[in-house]
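K.L.:
Coordinates in query_1.txt, compact mmCIF, N, CA and C atoms, are listed below.
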```txt
# COMPACT_ATOMS: atom_id res chain seq x y z
N MET A 1 -51.24 59.10 97.80
CA MET A 1 -50.55 59.48 96.59
C MET A 1 -50.53 58.34 95.57
N VAL A 2 -49.99 57.18 95.97
CA VAL A 2 -49.92 56.06 95.04
C VAL A 2 -51.33 55.61 94.64
N VAL A 3 -52.23 55.61 95.60
CA VAL A 3 -53.62 55.23 95.32
C VAL A 3 -54.21 56.19 94.28
N ASP A 4 -53.93 57.48 94.42
CA ASP A 4 -54.43 58.46 93.46
C ASP A 4 -53.79 58.25 92.08
N ASP A 5 -52.49 57.94 92.06
CA ASP A 5 -51.81 57.68 90.79
C ASP A 5 -52.47 56.51 90.06
N LEU A 6 -52.68 55.44 90.80
CA LEU A 6 -53.26 54.24 90.20
C LEU A 6 -54.70 54.46 89.78
N LYS A 7 -55.46 55.17 90.59
CA LYS A 7 -56.85 55.46 90.24
C LYS A 7 -56.93 56.28 88.97
N SER A 8 -56.07 57.26 88.84
CA SER A 8 -56.05 58.10 87.65
C SER A 8 -55.77 57.27 86.39
N ALA A 9 -54.79 56.39 86.48
CA ALA A 9 -54.43 55.56 85.33
C ALA A 9 -55.56 54.58 85.00
N THR A 10 -56.13 53.92 86.00
CA THR A 10 -57.19 52.95 85.71
C THR A 10 -58.45 53.66 85.21
N ASP A 11 -58.77 54.81 85.75
CA ASP A 11 -59.92 55.57 85.26
C ASP A 11 -59.74 55.93 83.79
N TYR A 12 -58.53 56.35 83.43
CA TYR A 12 -58.26 56.70 82.04
C TYR A 12 -58.55 55.52 81.12
N TYR A 13 -58.01 54.35 81.47
CA TYR A 13 -58.22 53.18 80.61
C TYR A 13 -59.65 52.67 80.68
N ASP A 14 -60.30 52.76 81.83
CA ASP A 14 -61.71 52.36 81.93
C ASP A 14 -62.59 53.24 81.06
N ASP A 15 -62.25 54.54 80.95
CA ASP A 15 -63.03 55.44 80.11
C ASP A 15 -62.95 55.05 78.63
N ILE A 16 -61.82 54.50 78.25
CA ILE A 16 -61.66 54.04 76.86
C ILE A 16 -62.42 52.73 76.67
N SER A 17 -62.20 51.80 77.59
CA SER A 17 -62.84 50.48 77.52
C SER A 17 -62.63 49.77 78.85
N VAL A 18 -63.69 49.17 79.36
CA VAL A 18 -63.56 48.42 80.61
C VAL A 18 -62.56 47.28 80.44
N ASP A 19 -62.57 46.65 79.27
CA ASP A 19 -61.61 45.57 79.00
C ASP A 19 -60.18 46.09 79.07
N LEU A 20 -59.94 47.27 78.51
CA LEU A 20 -58.60 47.86 78.55
C LEU A 20 -58.20 48.18 79.99
N GLY A 21 -59.14 48.71 80.77
CA GLY A 21 -58.88 48.97 82.18
C GLY A 21 -58.53 47.70 82.93
N ASN A 22 -59.25 46.63 82.64
CA ASN A 22 -58.96 45.35 83.29
C ASN A 22 -57.59 44.81 82.88
N ARG A 23 -57.22 44.98 81.62
CA ARG A 23 -55.89 44.55 81.17
C ARG A 23 -54.80 45.35 81.86
N PHE A 24 -55.03 46.65 82.06
CA PHE A 24 -54.05 47.47 82.77
C PHE A 24 -53.91 46.99 84.21
N ARG A 25 -55.02 46.76 84.89
CA ARG A 25 -54.97 46.28 86.27
C ARG A 25 -54.22 44.95 86.37
N SER A 26 -54.47 44.06 85.43
CA SER A 26 -53.80 42.76 85.43
C SER A 26 -52.29 42.93 85.21
N ALA A 27 -51.91 43.78 84.25
CA ALA A 27 -50.48 44.02 84.00
C ALA A 27 -49.82 44.68 85.20
N PHE A 28 -50.54 45.56 85.87
CA PHE A 28 -50.02 46.22 87.07
C PHE A 28 -49.80 45.20 88.18
N ARG A 29 -50.77 44.33 88.42
CA ARG A 29 -50.63 43.29 89.46
C ARG A 29 -49.47 42.35 89.14
N ASP A 30 -49.33 41.99 87.86
CA ASP A 30 -48.21 41.12 87.46
C ASP A 30 -46.88 41.77 87.78
N ARG A 31 -46.77 43.06 87.50
CA ARG A 31 -45.51 43.76 87.76
C ARG A 31 -45.26 43.90 89.26
N LEU A 32 -46.30 44.14 90.03
CA LEU A 32 -46.15 44.18 91.49
C LEU A 32 -45.61 42.85 92.01
N ARG A 33 -46.15 41.77 91.51
CA ARG A 33 -45.67 40.45 91.92
C ARG A 33 -44.20 40.27 91.56
N ASP A 34 -43.83 40.68 90.34
CA ASP A 34 -42.43 40.57 89.90
C ASP A 34 -41.50 41.36 90.80
N LEU A 35 -41.85 42.59 91.10
CA LEU A 35 -40.92 43.41 91.88
C LEU A 35 -40.89 43.00 93.34
N SER A 36 -41.97 42.40 93.84
CA SER A 36 -41.92 41.91 95.21
C SER A 36 -41.07 40.65 95.33
N GLN A 37 -41.02 39.87 94.26
CA GLN A 37 -40.24 38.62 94.28
C GLN A 37 -38.76 38.85 93.97
N ARG A 38 -38.48 39.82 93.12
CA ARG A 38 -37.09 40.06 92.74
C ARG A 38 -36.82 41.56 92.51
N PRO A 39 -36.90 42.35 93.55
CA PRO A 39 -36.75 43.80 93.40
C PRO A 39 -35.38 44.24 92.89
N GLU A 40 -34.36 43.47 93.17
CA GLU A 40 -33.01 43.86 92.75
C GLU A 40 -32.81 43.73 91.24
N SER A 41 -33.75 43.10 90.54
CA SER A 41 -33.59 42.92 89.10
C SER A 41 -33.99 44.16 88.31
N PHE A 42 -34.54 45.16 88.98
CA PHE A 42 -34.95 46.39 88.32
C PHE A 42 -33.91 47.48 88.56
N GLY A 43 -33.72 48.31 87.55
CA GLY A 43 -32.66 49.30 87.60
C GLY A 43 -32.89 50.45 88.55
N CYS A 44 -31.79 50.91 89.13
CA CYS A 44 -31.83 52.11 89.97
C CYS A 44 -31.90 53.34 89.07
N VAL A 45 -32.72 54.29 89.47
CA VAL A 45 -32.83 55.52 88.70
C VAL A 45 -32.37 56.74 89.47
N TYR A 46 -32.38 56.63 90.81
CA TYR A 46 -31.97 57.78 91.62
C TYR A 46 -31.74 57.27 93.04
N GLY A 47 -30.51 57.25 93.46
CA GLY A 47 -30.19 56.71 94.78
C GLY A 47 -30.62 55.26 94.87
N ILE A 48 -31.47 54.94 95.87
CA ILE A 48 -31.96 53.57 95.98
C ILE A 48 -33.31 53.36 95.29
N MET A 49 -33.81 54.41 94.64
CA MET A 49 -35.08 54.28 93.93
C MET A 49 -34.89 53.46 92.67
N ARG A 50 -35.85 52.59 92.44
CA ARG A 50 -35.84 51.73 91.26
C ARG A 50 -37.14 51.94 90.49
N VAL A 51 -37.12 51.52 89.24
CA VAL A 51 -38.30 51.69 88.41
C VAL A 51 -38.59 50.39 87.66
N ALA A 52 -39.88 50.07 87.57
CA ALA A 52 -40.34 48.90 86.82
C ALA A 52 -41.43 49.35 85.86
N THR A 53 -41.31 48.98 84.61
CA THR A 53 -42.32 49.35 83.63
C THR A 53 -43.49 48.37 83.70
N VAL A 54 -44.68 48.87 83.38
CA VAL A 54 -45.87 48.03 83.31
C VAL A 54 -45.95 47.50 81.89
N HIS A 55 -45.92 46.18 81.75
CA HIS A 55 -45.90 45.53 80.44
C HIS A 55 -47.06 45.99 79.56
N ARG A 56 -46.73 46.44 78.35
CA ARG A 56 -47.69 46.87 77.33
C ARG A 56 -48.41 48.18 77.62
N PHE A 57 -48.00 48.88 78.66
CA PHE A 57 -48.61 50.17 78.99
C PHE A 57 -47.49 51.16 79.30
N PRO A 58 -47.70 52.44 78.99
CA PRO A 58 -46.65 53.44 79.20
C PRO A 58 -46.61 53.96 80.64
N TYR A 59 -46.59 53.06 81.60
CA TYR A 59 -46.55 53.43 83.01
C TYR A 59 -45.37 52.76 83.70
N VAL A 60 -44.87 53.45 84.72
CA VAL A 60 -43.77 52.90 85.52
C VAL A 60 -44.16 52.94 86.99
N LEU A 61 -43.61 51.99 87.73
CA LEU A 61 -43.76 51.97 89.18
C LEU A 61 -42.43 52.38 89.77
N LEU A 62 -42.45 53.41 90.54
CA LEU A 62 -41.25 53.87 91.24
C LEU A 62 -41.29 53.24 92.63
N PHE A 63 -40.18 52.61 93.03
CA PHE A 63 -40.18 51.94 94.32
C PHE A 63 -38.80 51.93 94.95
N GLU A 64 -38.78 51.65 96.23
CA GLU A 64 -37.54 51.47 96.99
C GLU A 64 -37.57 50.08 97.61
N ASN A 65 -36.47 49.39 97.50
CA ASN A 65 -36.34 48.07 98.12
C ASN A 65 -35.73 48.27 99.50
N ARG A 66 -36.57 48.15 100.51
CA ARG A 66 -36.14 48.29 101.90
C ARG A 66 -35.81 46.91 102.45
N ASP A 67 -35.17 46.85 103.59
CA ASP A 67 -34.80 45.56 104.18
C ASP A 67 -36.02 44.68 104.42
N GLU A 68 -37.07 45.24 104.95
CA GLU A 68 -38.24 44.46 105.34
C GLU A 68 -39.35 44.44 104.29
N PHE A 69 -39.32 45.36 103.34
CA PHE A 69 -40.44 45.48 102.40
C PHE A 69 -40.02 46.25 101.16
N VAL A 70 -40.89 46.22 100.16
CA VAL A 70 -40.75 47.04 98.96
C VAL A 70 -41.77 48.16 99.08
N ALA A 71 -41.33 49.40 99.01
CA ALA A 71 -42.22 50.55 99.13
C ALA A 71 -42.49 51.13 97.75
N ILE A 72 -43.75 51.10 97.34
CA ILE A 72 -44.16 51.71 96.08
C ILE A 72 -44.32 53.21 96.34
N LEU A 73 -43.60 54.01 95.59
CA LEU A 73 -43.61 55.46 95.79
C LEU A 73 -44.54 56.18 94.81
N GLY A 74 -44.77 55.56 93.67
CA GLY A 74 -45.62 56.22 92.69
C GLY A 74 -45.85 55.36 91.46
N VAL A 75 -46.92 55.71 90.76
CA VAL A 75 -47.25 55.11 89.47
C VAL A 75 -47.35 56.27 88.51
N PHE A 76 -46.43 56.33 87.56
CA PHE A 76 -46.32 57.50 86.68
C PHE A 76 -46.40 57.11 85.22
N HIS A 77 -46.97 58.00 84.42
CA HIS A 77 -46.90 57.82 82.97
C HIS A 77 -45.44 58.01 82.58
N ALA A 78 -44.95 57.16 81.71
CA ALA A 78 -43.54 57.18 81.36
C ALA A 78 -43.11 58.49 80.70
N ALA A 79 -44.04 59.20 80.09
CA ALA A 79 -43.69 60.45 79.43
C ALA A 79 -43.87 61.67 80.34
N SER A 80 -44.24 61.45 81.59
CA SER A 80 -44.44 62.58 82.50
C SER A 80 -43.10 63.17 82.93
N ASP A 81 -43.17 64.35 83.50
CA ASP A 81 -41.97 65.05 83.97
C ASP A 81 -41.38 64.29 85.16
N GLN A 82 -40.21 63.74 84.97
CA GLN A 82 -39.58 62.91 85.99
C GLN A 82 -39.07 63.69 87.19
N SER A 83 -38.96 64.99 87.08
CA SER A 83 -38.41 65.77 88.20
C SER A 83 -39.26 65.62 89.46
N GLY A 84 -40.56 65.44 89.34
CA GLY A 84 -41.43 65.29 90.50
C GLY A 84 -41.43 63.89 91.08
N TRP A 85 -40.93 62.93 90.34
CA TRP A 85 -40.95 61.55 90.79
C TRP A 85 -40.15 61.36 92.09
N PHE A 86 -39.02 62.01 92.15
CA PHE A 86 -38.06 61.71 93.20
C PHE A 86 -38.33 62.44 94.52
N GLU A 87 -39.39 63.20 94.58
CA GLU A 87 -39.76 63.89 95.81
C GLU A 87 -40.51 62.97 96.76
N ARG A 88 -40.81 61.76 96.33
CA ARG A 88 -41.61 60.84 97.15
C ARG A 88 -40.78 59.85 97.95
N SER A 89 -39.49 60.04 98.00
CA SER A 89 -38.65 59.11 98.73
C SER A 89 -39.05 59.04 100.18
N MET A 90 -38.87 57.88 100.76
CA MET A 90 -39.18 57.69 102.17
C MET A 90 -38.07 58.30 102.97
```
Will you turn the file into structure tokens for me?
P.N.:
Amino acid sequence: MVVDDLKSATDYYDDISVDLGNRFRSAFRDRLRDLSQRPESFGCVYGIMRVATVHRFPYVLLFENRDEFVAILGVFHAASDQSGWFERSM
């Protein structure tokens, strides 16, 4: 699921420009690093689910901060229907 979300987003930006796709991937990796280092700094949106925006792109990472790890539940366009986001809880 998450792999498909990310592939869809990167394919979209790669189709526009490989440089844009690379910038998206870099911004995504930066945000992953941020949320793995300080997951509690991102706001809760539903129960223990938290969301982190991808800098300069209209995408969010939905995740849960578990005791042993951070679980990425999805990569969504910020304007997408949020009702489906919360069905991915662990």
K.L.:
Would you mind listing what lies within 10 Å of stretch 32-37 of chain A as a short mmCIF file (atom, residue, chain, number, x, y, z; two decimals) with N, CA and C atoms, in the coordinates of the input, with only C-alpha atoms counted and same-chain residues fewer than 5 positions away left out?
P.N.:
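This went into around-v5.cif:
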```
data_model
loop_
_atom_site.label_atom_id
_atom_site.label_comp_id
_atom_site.auth_asym_id
_atom_site.auth_seq_id
_atom_site.Cartn_x
_atom_site.Cartn_y
_atom_site.Cartn_z
N SER A 26 -54.47 44.06 85.43
CA SER A 26 -53.80 42.76 85.43
C SER A 26 -52.29 42.93 85.21
N ALA A 27 -51.91 43.78 84.25
CA ALA A 27 -50.48 44.02 84.00
C ALA A 27 -49.82 44.68 85.20
N PHE A 42 -34.54 45.16 88.98
CA PHE A 42 -34.95 46.39 88.32
C PHE A 42 -33.91 47.48 88.56
N ARG A 50 -35.85 52.59 92.44
CA ARG A 50 -35.84 51.73 91.26
C ARG A 50 -37.14 51.94 90.49
N VAL A 51 -37.12 51.52 89.24
CA VAL A 51 -38.30 51.69 88.41
C VAL A 51 -38.59 50.39 87.66
N ALA A 52 -39.88 50.07 87.57
CA ALA A 52 -40.34 48.90 86.82
C ALA A 52 -41.43 49.35 85.86
N VAL A 54 -44.68 48.87 83.38
CA VAL A 54 -45.87 48.03 83.31
C VAL A 54 -45.95 47.50 81.89
N LEU A 61 -43.61 51.99 87.73
CA LEU A 61 -43.76 51.97 89.18
C LEU A 61 -42.43 52.38 89.77
N PHE A 63 -40.18 52.61 93.03
CA PHE A 63 -40.18 51.94 94.32
C PHE A 63 -38.80 51.93 94.95
N ASN A 65 -36.47 49.39 97.50
CA ASN A 65 -36.34 48.07 98.12
C ASN A 65 -35.73 48.27 99.50
N PHE A 69 -39.32 45.36 103.34
CA PHE A 69 -40.44 45.48 102.40
C PHE A 69 -40.02 46.25 101.16
N VAL A 70 -40.89 46.22 100.16
CA VAL A 70 -40.75 47.04 98.96
C VAL A 70 -41.77 48.16 99.08
N ALA A 71 -41.33 49.40 99.01
CA ALA A 71 -42.22 50.55 99.13
C ALA A 71 -42.49 51.13 97.75
N ILE A 72 -43.75 51.10 97.34
CA ILE A 72 -44.16 51.71 96.08
C ILE A 72 -44.32 53.21 96.34
#
```
K.L.:
Identify, on the basis of only N, CA and C atoms, every residue whose closest approach to A:Ala9 does not exceed 8 Å; exclude the query and any residue fewer than 3 positions from it along the same chain; express the result as a list in words.
P.N.:
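Skipping anything fewer than 3 positions along the chain leaves Val3, Asp4, Asp5, Leu6, Tyr12, Tyr13, Asp14, Asp15, Gly21, Phe24, Arg25, Val75 and His77 of chain A.
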K.L.:
Rank A:Val2, A:Cys44, A:Val60, A:Met49 by their smallest atom-to-atom distance to A:Ala79, using only N, CA and C atoms, and report the top residue only.
P.N.:
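Answer, going by the shortest atom-to-atom distance: A:Val60.
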K.L.:
Restricting the calculation to all atoms listed in the file: of A:Trp85, A:Phe28, A:Tyr46, A:Phe76, which residue gets closest to A:Pro58?
P.N.:
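Closest to A:Pro58 of all the choices is A:Phe76.
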K.L.:
Please extract the residues of chain A with a backbone DSSP assignment of strand (DSSP E) and present them as number ranges by chain.
P.N.:
A: 44-46, 49-53, 59-65, 70-77
K.L.:
Can you work out the spacing between atom CA of A:Gly84 and atom CA of A:Thr53 in Å, to one decimal?
P.N.:
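Atom-to-atom, atom CA of A:Gly84 and atom CA of A:Thr53 are spaced 17.4 Å apart.
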K.L.:
Using atom CA of A:Glu87 and atom CA of A:Gly47 as the two end points, give the distance in Å to one decimal.
P.N.:
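About the pair atom CA of A:Glu87 and atom CA of A:Gly47: they are 12.0 Å apart.
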K.L.:
Put the listed atoms of stretch 18-22 of chain A in a box along x, y and z with 8 Å added on every side and give me the centre and edge lengths in Å to one decimal, as JSON.
P.N.:
```
{"center_x": -60.6, "center_y": 47.0, "center_z": 80.9, "size_x": 22.1, "size_y": 20.4, "size_z": 20.8}
```
K.L.:
List every residue of chain A that DSSP, applied to the backbone of this structure, assigns to helix (DSSP H, G or I), and report them as an MDAnalysis selection string.
P.N.:
chainID A and resid 2:16 18:37 39:41 82:88
K.L.:
Work out how far atom C of A:Met1 is from atom C of A:Arg29, in Å to one decimal.
P.N.:
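Computed distance, atom C of A:Arg29 to atom C of A:Met1, equals 17.3 Å.
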K.L.:
Calculated over all atoms listed in the file, which of the candidates A:His55, A:Val18, A:Asp81, A:Thr10 has the smallest distance to A:Asp30?
P.N.:
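Going through A:His55, A:Val18, A:Asp81, A:Thr10 one by one, the smallest distance to A:Asp30 is for A:His55.
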